[in-house]
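The structure under discussion appears below in the form of structure tokens.
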There are 2 protein chains.
Amino acid sequence: MLNYQSVDDLKDLIIYLYENKSDINELILKYPDFFSEVNIPLISKALNNIENWEIIRYFLSKLPSDILSKVILELDDKLIERILDQTKAETILEIIDQLDESEAAEIVEQLPDNLKDKVISKLDPVEYEQIKEYLSYPEESVARLSTKSFLKVYPYYTVGEILEVIRRKAELDELPDFLNYIYVVNTEGILVGVVSLKEIVISKPYLAVKNIMKRNVIKILYNKDKEEIAKILRDYDLLAIPVVDEWDKLLGIVTHDDIVDVIFEEYSEDILKSGAVSAFEESYKNISSWELAFKRSTWLLLLFLASSLTSNVIHHFEDTISKYVQLSFFIPLLIGTGGNAGSQSSVTILRAIALNEIDIKEVFYVLKKEFITSLFLGLQVGFVALIYVLTIGKYFLNVKWEIVPVVVISQFLIVIWATTVGSLLPIIAKKFNIDPAVMSAPFIATFVDATGLIIYFLIAKIILHI
Amino acid sequence: MLNYQSVDDLKDLIIYLYENKSDINELILKYPDFFSEVNIPLISKALNNIENWEIIRYFLSKLPSDILSKVILELDDKLIERILDQTKAETILEIIDQLDESEAAEIVEQLPDNLKDKVISKLDPVEYEQIKEYLSYPEESVARLSTKSFLKVYPYYTVGEILEVIRRKAELDELPDFLNYIYVVNTEGILVGVVSLKEIVISKPYLAVKNIMKRNVIKILYNKDKEEIAKILRDYDLLAIPVVDEWDKLLGIVTHDDIVDVIFEEYSEDILKSGAVSAFEESYKNISSWELAFKRSTWLLLLFLASSLTSNVIHHFEDTISKYVQLSFFIPLLIGTGGNAGSQSSVTILRAIALNEIDIKEVFYVLKKEFITSLFLGLQVGFVALIYVLTIGKYFLNVKWEIVPVVVISQFLIVIWATTVGSLLPIIAKKFNIDPAVMSAPFIATFVDATGLIIYFLIAKIILHI
């Protein structure tokens, strides 16, 4: 039995197929589960990880159109574009035919312009209208994720009638993909209730659905950002969330698997943001070094310019350093530790914001709490710094006595300053509707570098009477 | 209609209740949906965000035991402990009675020792055995997440018989919570197939389930880490994943909502790790400043000690700085930018590892790709650095001509070095079975600080002939 087959195995198989120009039917004979429903996402993933375009093309050319359409959908955008670019309009129409409206819209959207017109002109009018509807929704909206492949009934339907409808649709091969919930709408299409298939199965056949449905339906407005729907899935145990317009008209539903995809997408974006890299969707194998550099260079150069202020700060205190060259020994240590303390408090607040634990109005609450925390941390780090300069500093670096209090007091104050600032910046970002995740460790560290230096040299000037 | 009510509203309501000592029935009259199934997780969340223990106690004391048990389960561990500590054994037994085995085990596990014995001694033998089974599984294992509240049938059951079983159980109020999939086991309890409720509904009643079930069941071994199950949910569109022992015996199932919880838990841990903070589960409101400091100080102090190497490096090059004090101007800029470049490549690789896009065997592939990327980045940053020293550097900082090539070449080399190292460290960590997320921006920055300085001063010595 094929069981949670690894992407790497699949990749090896696909490459083997290409190299030996073997028949795909042979493969199916050997691995009867190869094209099973559960295996298809893994095939797409394996293809995403193959760098040689010829291998991908060879494999896709061997697939029957129903499987091809499912496999293509799960590929990286860049790969989809490349494939569509080299596919005939007829084949694309065949692929679209296998997909539901939202999936078809996704494909049409990515077509190169010359192909797009050709494909659209050949679509049947109903399909054309539906695809147009999808493409009219804002790009990052939940409506774009929604499907119409679910069951809608009226409140007066009885349980028996609903079972009848389901069985009839099954015979006609028109059964919706999602059937765990059945949605109840009135004659104007307004969502009025929901009932689970389980309740339908256990209820008496003569009961009207309006008598067993839940009226308190958790739903989402069509133009909300898709991040919102991930939060709803986290807070409620739901298998699908209905999408409605301003008048509560049911437009579609977003199923749990698409929401899980959104969560992982946001997750992977957040990993990148935590290191000041712009988001990208391609797999690592599918993005070129040049593009990788491009995704990073904007931030890296901006941070370089921000960081260049540190040169001006040190230049300003050039006389101080000339008199006490030993002060320079501790520059990276003091501001580096400050950056680390700031990153720590910033991620603590980022987490609290992500989990909805604090509101941006509570800025003083956060400030107070982080200030007290920073006192504990400052005292600990200050103490370790004292031990450090008195031992290693004194005996290996020959640090002068008067430098000792400068380093210890500066480190104490820099930790307090960095922690407090690190906690404030994500809240301020949120307040100005900037994604707080932008306040990443590199950003905080850069900010603390310049300001930390000012603290250090001011303390030095005071204590050393320069 | 109550619609995705905000946690803050609920919090205000709960505080209002306490302050006015009002009756909970009044609240229910006003908000009939207050205790609806979908609202309970939000109530727990609201309680997690209340700092005043008296308010929490007052509210919980007013809840009927069935709702109380559900609300308690979703609270922060620390709060649960505190509540259990102040609750009589009888009340705890009442609470446990409302829960399934895995939930009950979770509560029993958190009881203080004196209460634990008292509660266990009063459990009925079947419940006792089940709870014991749960507590015998490794703490972070998927088995701990599993539930036994699902339907198990034998292969020879017909569709009609299964519907009969479901309806009979519904009448006896013994219906399992999860019914979207029905699992098929043989007489030894070995998992042999799965069938969805939808398929049961649409299939002819005389068909045996073995003829309609899927035999290729995605499952997971009971002792796997719960992170694994999140990956399965990402790769496959499943509503539940069965948990089996070494002999494929079906032990339980983990439902999608529990997996989504795991994903968000890992997510929140990863946010903290990205800033070098140890994981914690409490909400921000529920953790004290002292504990917050504790979650951060270990890393902060370790990084301080690692960073202290920078002092030794600069001390080693004291003569160089004495001759060219201007070299000190660029210390934070050069190593800060290096740290940022290193963080960028490290998160790029972290994301690729998290999404299973690269294998740790592919270290040379990654090294080559990041090296080429670093050349692009190094050239860009080097160019901007050149413009910078020739303009601001020359006219505001009076930088000497011979310093210019030192800064530009060092910056170019430090970016290449940092990018390459930043990409390597997560892979090395993974190789040694350390969570690669530990290679966070603060860690990389600290590492690059010391090594970057060495590059800088060596280049200075060569170019300035010191």
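Just remember, in the structure tokens the first chain shown is A, the second B, etc., residues are 1-based per chain, and ligands are 1-based in the order shown.
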
Considering only helix (DSSP H, G or I) as DSSP defines it on the backbone, what residues of region 166-226 of chain A qualify? List them as a PDB file with N, CA and C atoms, in the first residue's frame.
ATOM      1  N   ILE A 166     -29.691  14.746  -3.347  1.00  0.00           N
ATOM      2  CA  ILE A 166     -28.292  14.282  -3.335  1.00  0.00           C
ATOM      3  C   ILE A 166     -28.145  13.030  -4.196  1.00  0.00           C
ATOM      4  N   ARG A 167     -29.063  12.086  -4.013  1.00  0.00           N
ATOM      5  CA  ARG A 167     -28.938  10.824  -4.757  1.00  0.00           C
ATOM      6  C   ARG A 167     -29.152  11.045  -6.255  1.00  0.00           C
ATOM      7  N   ARG A 168     -30.092  11.923  -6.585  1.00  0.00           N
ATOM      8  CA  ARG A 168     -30.334  12.201  -7.999  1.00  0.00           C
ATOM      9  C   ARG A 168     -29.089  12.832  -8.636  1.00  0.00           C
ATOM     10  N   LYS A 169     -28.521  13.806  -7.921  1.00  0.00           N
ATOM     11  CA  LYS A 169     -27.320  14.465  -8.447  1.00  0.00           C
ATOM     12  C   LYS A 169     -26.178  13.462  -8.605  1.00  0.00           C
ATOM     13  N   ALA A 170     -26.094  12.520  -7.657  1.00  0.00           N
ATOM     14  CA  ALA A 170     -25.034  11.518  -7.741  1.00  0.00           C
ATOM     15  C   ALA A 170     -25.211  10.674  -9.000  1.00  0.00           C
ATOM     16  N   GLU A 171     -26.458  10.298  -9.292  1.00  0.00           N
ATOM     17  CA  GLU A 171     -26.715   9.494 -10.484  1.00  0.00           C
ATOM     18  C   GLU A 171     -26.334  10.252 -11.752  1.00  0.00           C
ATOM     19  N   LEU A 197     -24.363  17.315   6.905  1.00  0.00           N
ATOM     20  CA  LEU A 197     -24.843  16.080   6.289  1.00  0.00           C
ATOM     21  C   LEU A 197     -25.193  15.064   7.372  1.00  0.00           C
ATOM     22  N   LYS A 198     -24.411  15.062   8.442  1.00  0.00           N
ATOM     23  CA  LYS A 198     -24.665  14.165   9.571  1.00  0.00           C
ATOM     24  C   LYS A 198     -26.072  14.381  10.130  1.00  0.00           C
ATOM     25  N   GLU A 199     -26.457  15.661  10.306  1.00  0.00           N
ATOM     26  CA  GLU A 199     -27.795  15.935  10.833  1.00  0.00           C
ATOM     27  C   GLU A 199     -28.882  15.481   9.857  1.00  0.00           C
ATOM     28  N   ILE A 200     -28.605  15.650   8.578  1.00  0.00           N
ATOM     29  CA  ILE A 200     -29.560  15.189   7.558  1.00  0.00           C
ATOM     30  C   ILE A 200     -29.745  13.676   7.674  1.00  0.00           C
ATOM     31  N   VAL A 201     -28.619  12.976   7.861  1.00  0.00           N
ATOM     32  CA  VAL A 201     -28.687  11.510   7.915  1.00  0.00           C
ATOM     33  C   VAL A 201     -29.472  11.028   9.127  1.00  0.00           C
ATOM     34  N   ILE A 202     -29.330  11.722  10.251  1.00  0.00           N
ATOM     35  CA  ILE A 202     -29.973  11.209  11.471  1.00  0.00           C
ATOM     36  C   ILE A 202     -31.358  11.799  11.715  1.00  0.00           C
ATOM     37  N   VAL A 209     -36.065  21.369   6.630  1.00  0.00           N
ATOM     38  CA  VAL A 209     -34.696  21.720   6.994  1.00  0.00           C
ATOM     39  C   VAL A 209     -34.673  22.968   7.880  1.00  0.00           C
ATOM     40  N   LYS A 210     -35.646  23.867   7.708  1.00  0.00           N
ATOM     41  CA  LYS A 210     -35.654  25.086   8.531  1.00  0.00           C
ATOM     42  C   LYS A 210     -35.816  24.758  10.014  1.00  0.00           C
ATOM     43  N   ASN A 211     -36.348  23.567  10.305  1.00  0.00           N
ATOM     44  CA  ASN A 211     -36.526  23.187  11.704  1.00  0.00           C
ATOM     45  C   ASN A 211     -35.304  22.516  12.324  1.00  0.00           C
ATOM     46  N   LYS A 226      -7.967  37.409   2.469  1.00  0.00           N
ATOM     47  CA  LYS A 226      -8.006  35.980   2.769  1.00  0.00           C
ATOM     48  C   LYS A 226      -7.349  35.616   4.099  1.00  0.00           C
TER      49      LYS A 226
END

Point to revise | Best match for closeness to chain A among B:Arg144, B:Lys30, B:Lys431, B:Lys11, counting only C-alpha atoms | key: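 Of B:Arg144, B:Lys30, B:Lys431, B:Lys11, the one nearest chain A is B:Lys11, counting only C-alpha atoms.
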
Revision key, fill the gap. From the list B:Leu163, B:Tyr128, B:Glu94, B:Arg57, the nearest residue to Ser203 (chain A) using only C-alpha atoms is B:Leu163

Practice item. For Ile24 (chain A), work out the shell of residues within 7 Å, counting only C-alpha atoms and skipping chain neighbours fewer than 3 positions away, then give it as a ChimeraX atom specification. Key: /A:27-28,62

Keeping only C-alpha atoms, write the selected residues as a PDB file, in the first residue's frame.
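Full text of part-v4.pdb as output:
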ATOM      1  CA  LEU A  27       4.194   3.149 -14.097  1.00  0.00           C
ATOM      2  CA  ILE A  28       0.510   2.841 -13.280  1.00  0.00           C
ATOM      3  CA  LYS A  62       1.745  11.894 -20.921  1.00  0.00           C
TER       4      LYS A  62
END

Practice item. Just the residues within 12 Å of Glu281 (chain A), please, counting only C-alpha atoms, with nothing from its chain fewer than 6 positions along; format it as a PyMOL selection string. Key: (chain A and resi 48+74-79+262+264-269+272+287+291-292+295) or (chain B and resi 348+351-352+355+357)

For the selection just defined, write its residues with N, CA and C atoms to a file, as a PDB file, in the first residue's frame.
ATOM      1  N   ASN A  48       7.356  20.788  -9.043  1.00  0.00           N
ATOM      2  CA  ASN A  48       7.893  22.085  -8.626  1.00  0.00           C
ATOM      3  C   ASN A  48       9.375  22.004  -8.290  1.00  0.00           C
ATOM      4  N   GLU A  74      -1.853  22.936  -8.919  1.00  0.00           N
ATOM      5  CA  GLU A  74      -1.059  22.967  -7.692  1.00  0.00           C
ATOM      6  C   GLU A  74       0.389  23.382  -7.945  1.00  0.00           C
ATOM      7  N   LEU A  75       0.721  23.652  -9.203  1.00  0.00           N
ATOM      8  CA  LEU A  75       2.105  24.031  -9.509  1.00  0.00           C
ATOM      9  C   LEU A  75       2.377  25.483  -9.120  1.00  0.00           C
ATOM     10  N   ASP A  76       3.655  25.830  -9.078  1.00  0.00           N
ATOM     11  CA  ASP A  76       4.043  27.221  -8.865  1.00  0.00           C
ATOM     12  C   ASP A  76       3.528  28.092 -10.012  1.00  0.00           C
ATOM     13  N   ASP A  77       3.182  29.330  -9.693  1.00  0.00           N
ATOM     14  CA  ASP A  77       2.650  30.238 -10.708  1.00  0.00           C
ATOM     15  C   ASP A  77       3.549  30.346 -11.935  1.00  0.00           C
ATOM     16  N   LYS A  78       4.849  30.421 -11.678  1.00  0.00           N
ATOM     17  CA  LYS A  78       5.776  30.625 -12.793  1.00  0.00           C
ATOM     18  C   LYS A  78       5.768  29.433 -13.742  1.00  0.00           C
ATOM     19  N   LEU A  79       5.659  28.251 -13.137  1.00  0.00           N
ATOM     20  CA  LEU A  79       5.640  27.031 -13.927  1.00  0.00           C
ATOM     21  C   LEU A  79       4.336  26.972 -14.731  1.00  0.00           C
ATOM     22  N   VAL A 262      -4.041  28.746   2.615  1.00  0.00           N
ATOM     23  CA  VAL A 262      -3.801  30.164   2.936  1.00  0.00           C
ATOM     24  C   VAL A 262      -2.914  30.270   4.167  1.00  0.00           C
ATOM     25  N   PHE A 264      -0.691  28.189   5.318  1.00  0.00           N
ATOM     26  CA  PHE A 264       0.701  27.852   5.023  1.00  0.00           C
ATOM     27  C   PHE A 264       1.370  28.905   4.152  1.00  0.00           C
ATOM     28  N   GLU A 265       0.574  29.526   3.289  1.00  0.00           N
ATOM     29  CA  GLU A 265       1.105  30.590   2.445  1.00  0.00           C
ATOM     30  C   GLU A 265       1.537  31.778   3.326  1.00  0.00           C
ATOM     31  N   GLU A 266       0.657  32.180   4.238  1.00  0.00           N
ATOM     32  CA  GLU A 266       0.971  33.292   5.142  1.00  0.00           C
ATOM     33  C   GLU A 266       2.185  32.941   6.007  1.00  0.00           C
ATOM     34  N   TYR A 267       2.201  31.685   6.435  1.00  0.00           N
ATOM     35  CA  TYR A 267       3.271  31.187   7.276  1.00  0.00           C
ATOM     36  C   TYR A 267       4.611  31.323   6.551  1.00  0.00           C
ATOM     37  N   SER A 268       4.625  30.907   5.290  1.00  0.00           N
ATOM     38  CA  SER A 268       5.886  30.955   4.555  1.00  0.00           C
ATOM     39  C   SER A 268       6.266  32.405   4.255  1.00  0.00           C
ATOM     40  N   GLU A 269       5.264  33.267   4.058  1.00  0.00           N
ATOM     41  CA  GLU A 269       5.557  34.689   3.883  1.00  0.00           C
ATOM     42  C   GLU A 269       6.160  35.274   5.154  1.00  0.00           C
ATOM     43  N   LEU A 272       9.791  34.589   5.688  1.00  0.00           N
ATOM     44  CA  LEU A 272      10.621  35.485   4.887  1.00  0.00           C
ATOM     45  C   LEU A 272      10.676  36.877   5.503  1.00  0.00           C
ATOM     46  N   ILE A 287      13.089  29.262  -8.430  1.00  0.00           N
ATOM     47  CA  ILE A 287      13.388  30.686  -8.491  1.00  0.00           C
ATOM     48  C   ILE A 287      14.882  30.821  -8.787  1.00  0.00           C
ATOM     49  N   GLU A 291      16.555  36.313  -9.286  1.00  0.00           N
ATOM     50  CA  GLU A 291      15.281  36.692  -8.671  1.00  0.00           C
ATOM     51  C   GLU A 291      15.385  36.692  -7.139  1.00  0.00           C
ATOM     52  N   LEU A 292      16.116  35.699  -6.611  1.00  0.00           N
ATOM     53  CA  LEU A 292      16.321  35.650  -5.159  1.00  0.00           C
ATOM     54  C   LEU A 292      16.998  36.931  -4.687  1.00  0.00           C
ATOM     55  N   LYS A 295      14.562  39.760  -4.630  1.00  0.00           N
ATOM     56  CA  LYS A 295      13.625  39.705  -3.506  1.00  0.00           C
ATOM     57  C   LYS A 295      14.253  40.236  -2.215  1.00  0.00           C
TER      58      LYS A 295
ATOM     59  N   THR B 348      15.403  32.409   3.887  1.00  0.00           N
ATOM     60  CA  THR B 348      15.051  31.817   2.589  1.00  0.00           C
ATOM     61  C   THR B 348      15.201  30.296   2.660  1.00  0.00           C
ATOM     62  N   ARG B 351      12.518  28.690   5.043  1.00  0.00           N
ATOM     63  CA  ARG B 351      11.244  28.520   4.363  1.00  0.00           C
ATOM     64  C   ARG B 351      11.284  27.290   3.464  1.00  0.00           C
ATOM     65  N   ALA B 352      12.371  27.144   2.724  1.00  0.00           N
ATOM     66  CA  ALA B 352      12.475  25.998   1.812  1.00  0.00           C
ATOM     67  C   ALA B 352      12.478  24.684   2.586  1.00  0.00           C
ATOM     68  N   LEU B 355       8.889  24.009   3.890  1.00  0.00           N
ATOM     69  CA  LEU B 355       7.973  23.591   2.822  1.00  0.00           C
ATOM     70  C   LEU B 355       8.459  22.329   2.106  1.00  0.00           C
ATOM     71  N   GLU B 357      11.007  21.816   0.363  1.00  0.00           N
ATOM     72  CA  GLU B 357      11.457  22.065  -1.006  1.00  0.00           C
ATOM     73  C   GLU B 357      12.894  21.623  -1.235  1.00  0.00           C
TER      74      GLU B 357
END

Exercise for review: Quick one: everything within 9 Å of region 241-254 of chain B, counting only C-alpha atoms, minus sequence neighbours fewer than 5 positions away in the same chain. Send it as a VMD selection string.
Suggested key: chain B and resid 142 to 143 145 to 150 183 185 188 to 192 217 to 223 229 232 to 233 259

Point to revise | Nearest residue to Glu318 (chain A) from the set A:Phe457, A:Phe396, A:Tyr181, A:Phe294 (distances using only C-alpha atoms) | key: A:Phe457

Review point. Using only C-alpha atoms, which of A:Asp235, A:Gln98, A:Glu282, A:Leu73 sits nearest Asn49 (chain A)?
Key: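 For Asn49 (chain A), the nearest of the candidates is A:Glu282.
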
Counting only C-alpha atoms, which residues in region 279-356 of chain A sit no more than 9 Å from region 401-420 of chain A? For each one, give the nearest pair of atoms and the distance in Å, sorted by chain then residue number, as a Markdown table.
| residue | atom | partner | partner_atom | distance |
| --- | --- | --- | --- | --- |
| A:Tyr324 | CA | A:Ile403 | CA | 8.6 |
| A:Gln326 | CA | A:Ile403 | CA | 7.9 |
| A:Leu327 | CA | A:Ile403 | CA | 7.3 |
| A:Phe330 | CA | A:Val407 | CA | 7.4 |
| A:Leu333 | CA | A:Gln411 | CA | 8.9 |
| A:Leu334 | CA | A:Gln411 | CA | 5.7 |
| A:Ile335 | CA | A:Ile414 | CA | 7.5 |
| A:Thr337 | CA | A:Val415 | CA | 7.3 |
| A:Gly338 | CA | A:Val415 | CA | 5.1 |
| A:Gly339 | CA | A:Ala418 | CA | 6.6 |
| A:Asn340 | CA | A:Ala418 | CA | 8.3 |
| A:Ala341 | CA | A:Thr419 | CA | 5.5 |
| A:Gly342 | CA | A:Thr419 | CA | 4.5 |
| A:Ser343 | CA | A:Thr419 | CA | 7.8 |
| A:Gln344 | CA | A:Thr419 | CA | 7.4 |
| A:Ser345 | CA | A:Thr419 | CA | 5.5 |
| A:Ser346 | CA | A:Thr419 | CA | 7.7 |

Could those selected residues go to a file with N, CA and C atoms, as a compact mmCIF listing (two decimals), in the first residue's frame?
# COMPACT_ATOMS: atom_id res chain seq x y z
N TYR A 324 40.01 57.50 23.80
CA TYR A 324 39.85 56.16 24.38
C TYR A 324 39.56 55.16 23.26
N GLN A 326 39.93 52.19 23.29
CA GLN A 326 39.32 51.00 23.89
C GLN A 326 37.80 51.03 23.82
N LEU A 327 37.21 52.21 23.73
CA LEU A 327 35.75 52.29 23.61
C LEU A 327 35.27 51.54 22.37
N PHE A 330 33.99 47.71 22.27
CA PHE A 330 32.69 47.22 22.74
C PHE A 330 31.52 47.66 21.87
N LEU A 333 29.55 44.64 20.43
CA LEU A 333 28.94 43.88 21.53
C LEU A 333 27.72 44.62 22.08
N LEU A 334 27.88 45.91 22.37
CA LEU A 334 26.79 46.65 23.00
C LEU A 334 25.59 46.79 22.08
N ILE A 335 25.84 47.21 20.81
CA ILE A 335 24.69 47.43 19.94
C ILE A 335 24.13 46.11 19.43
N THR A 337 23.95 43.29 21.20
CA THR A 337 23.09 42.80 22.27
C THR A 337 21.81 43.62 22.33
N GLY A 338 21.93 44.93 22.09
CA GLY A 338 20.73 45.76 22.02
C GLY A 338 19.79 45.28 20.93
N GLY A 339 20.35 45.02 19.75
CA GLY A 339 19.53 44.53 18.64
C GLY A 339 18.84 43.23 18.99
N ASN A 340 19.57 42.33 19.66
CA ASN A 340 18.96 41.06 20.06
C ASN A 340 17.82 41.27 21.05
N ALA A 341 18.03 42.13 22.04
CA ALA A 341 16.97 42.40 23.03
C ALA A 341 15.75 43.01 22.33
N GLY A 342 16.01 43.92 21.38
CA GLY A 342 14.90 44.54 20.65
C GLY A 342 14.15 43.53 19.80
N SER A 343 14.88 42.63 19.13
CA SER A 343 14.23 41.59 18.33
C SER A 343 13.36 40.70 19.21
N GLN A 344 13.87 40.39 20.39
CA GLN A 344 13.10 39.54 21.29
C GLN A 344 11.78 40.17 21.67
N SER A 345 11.81 41.45 22.04
CA SER A 345 10.53 42.03 22.47
C SER A 345 9.64 42.24 21.26
N SER A 346 10.24 42.53 20.10
CA SER A 346 9.39 42.73 18.92
C SER A 346 8.66 41.45 18.53

Point to revise | Near-region 301-317 of chain A list (7 Å; only C-alpha atoms; drop same-chain fewer than 3 positions) as a list in words | key: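 My reading of the contact set: Ser297, Thr298, Thr320, Ile321, Thr446, Asp449, Ala450, Ile454 and Phe457 of chain A; Phe329, Phe330, Pro332, Leu333, Thr337, Val381 and Leu397 of chain B.
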
Please write the residues from the selection above to a file, keeping N, CA and C atoms, as an mmCIF file, in the first residue's frame.
data_model
loop_
_atom_site.group_PDB
_atom_site.id
_atom_site.type_symbol
_atom_site.label_atom_id
_atom_site.label_comp_id
_atom_site.auth_asym_id
_atom_site.auth_seq_id
_atom_site.Cartn_x
_atom_site.Cartn_y
_atom_site.Cartn_z
ATOM 1 N N SER A 297 17.251 42.488 -2.322
ATOM 2 C CA SER A 297 18.119 43.665 -2.424
ATOM 3 C C SER A 297 17.433 44.951 -1.966
ATOM 4 N N THR A 298 16.130 45.102 -2.233
ATOM 5 C CA THR A 298 15.473 46.354 -1.844
ATOM 6 C C THR A 298 15.631 46.590 -0.344
ATOM 7 N N THR A 320 36.167 61.472 21.116
ATOM 8 C CA THR A 320 36.023 60.554 22.250
ATOM 9 C C THR A 320 36.781 59.265 21.979
ATOM 10 N N ILE A 321 36.586 58.710 20.775
ATOM 11 C CA ILE A 321 37.264 57.453 20.442
ATOM 12 C C ILE A 321 38.775 57.653 20.367
ATOM 13 N N THR A 446 18.893 47.275 13.068
ATOM 14 C CA THR A 446 19.425 48.456 12.393
ATOM 15 C C THR A 446 19.022 49.728 13.138
ATOM 16 N N ASP A 449 21.017 50.005 16.353
ATOM 17 C CA ASP A 449 22.445 50.275 16.158
ATOM 18 C C ASP A 449 22.759 51.763 16.339
ATOM 19 N N ALA A 450 22.048 52.600 15.582
ATOM 20 C CA ALA A 450 22.359 54.033 15.608
ATOM 21 C C ALA A 450 22.012 54.648 16.963
ATOM 22 N N ILE A 454 24.475 56.270 20.270
ATOM 23 C CA ILE A 454 24.333 57.588 20.910
ATOM 24 C C ILE A 454 24.331 57.423 22.429
ATOM 25 N N PHE A 457 27.994 56.630 23.635
ATOM 26 C CA PHE A 457 28.957 57.730 23.652
ATOM 27 C C PHE A 457 28.560 58.845 24.625
ATOM 28 N N PHE B 329 34.424 54.195 12.058
ATOM 29 C CA PHE B 329 33.138 54.758 11.607
ATOM 30 C C PHE B 329 32.246 53.684 10.989
ATOM 31 N N PHE B 330 32.900 52.749 10.269
ATOM 32 C CA PHE B 330 32.114 51.842 9.424
ATOM 33 C C PHE B 330 31.873 50.470 10.047
ATOM 34 N N PRO B 332 29.796 49.368 12.606
ATOM 35 C CA PRO B 332 28.404 48.912 12.695
ATOM 36 C C PRO B 332 27.755 48.754 11.322
ATOM 37 N N LEU B 333 28.076 49.653 10.395
ATOM 38 C CA LEU B 333 27.464 49.593 9.069
ATOM 39 C C LEU B 333 27.837 48.295 8.356
ATOM 40 N N THR B 337 25.096 45.283 8.024
ATOM 41 C CA THR B 337 24.628 44.878 6.696
ATOM 42 C C THR B 337 24.929 43.401 6.463
ATOM 43 N N VAL B 381 25.254 46.014 -3.156
ATOM 44 C CA VAL B 381 25.552 46.708 -1.912
ATOM 45 C C VAL B 381 26.918 47.390 -2.016
ATOM 46 N N LEU B 397 32.074 63.073 6.503
ATOM 47 C CA LEU B 397 32.918 62.374 7.471
ATOM 48 C C LEU B 397 34.410 62.599 7.188
#

Check your understanding: With distances taken over only C-alpha atoms, which of A:Ile55, A:Ala437, A:Ile372, A:Ile444 is nearest to chain B?
Key ->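 Between A:Ile55, A:Ala437, A:Ile372, A:Ile444, the residue approaching chain B most closely is A:Ile372.
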
Practice item. May I have the residues within 9 Å of Lys273 (chain B) as number ranges by chain, using only C-alpha atoms and disregarding those fewer than 2 positions away in the same chain? Key: A: 344, 347; B: 268-271, 275-279, 437-440
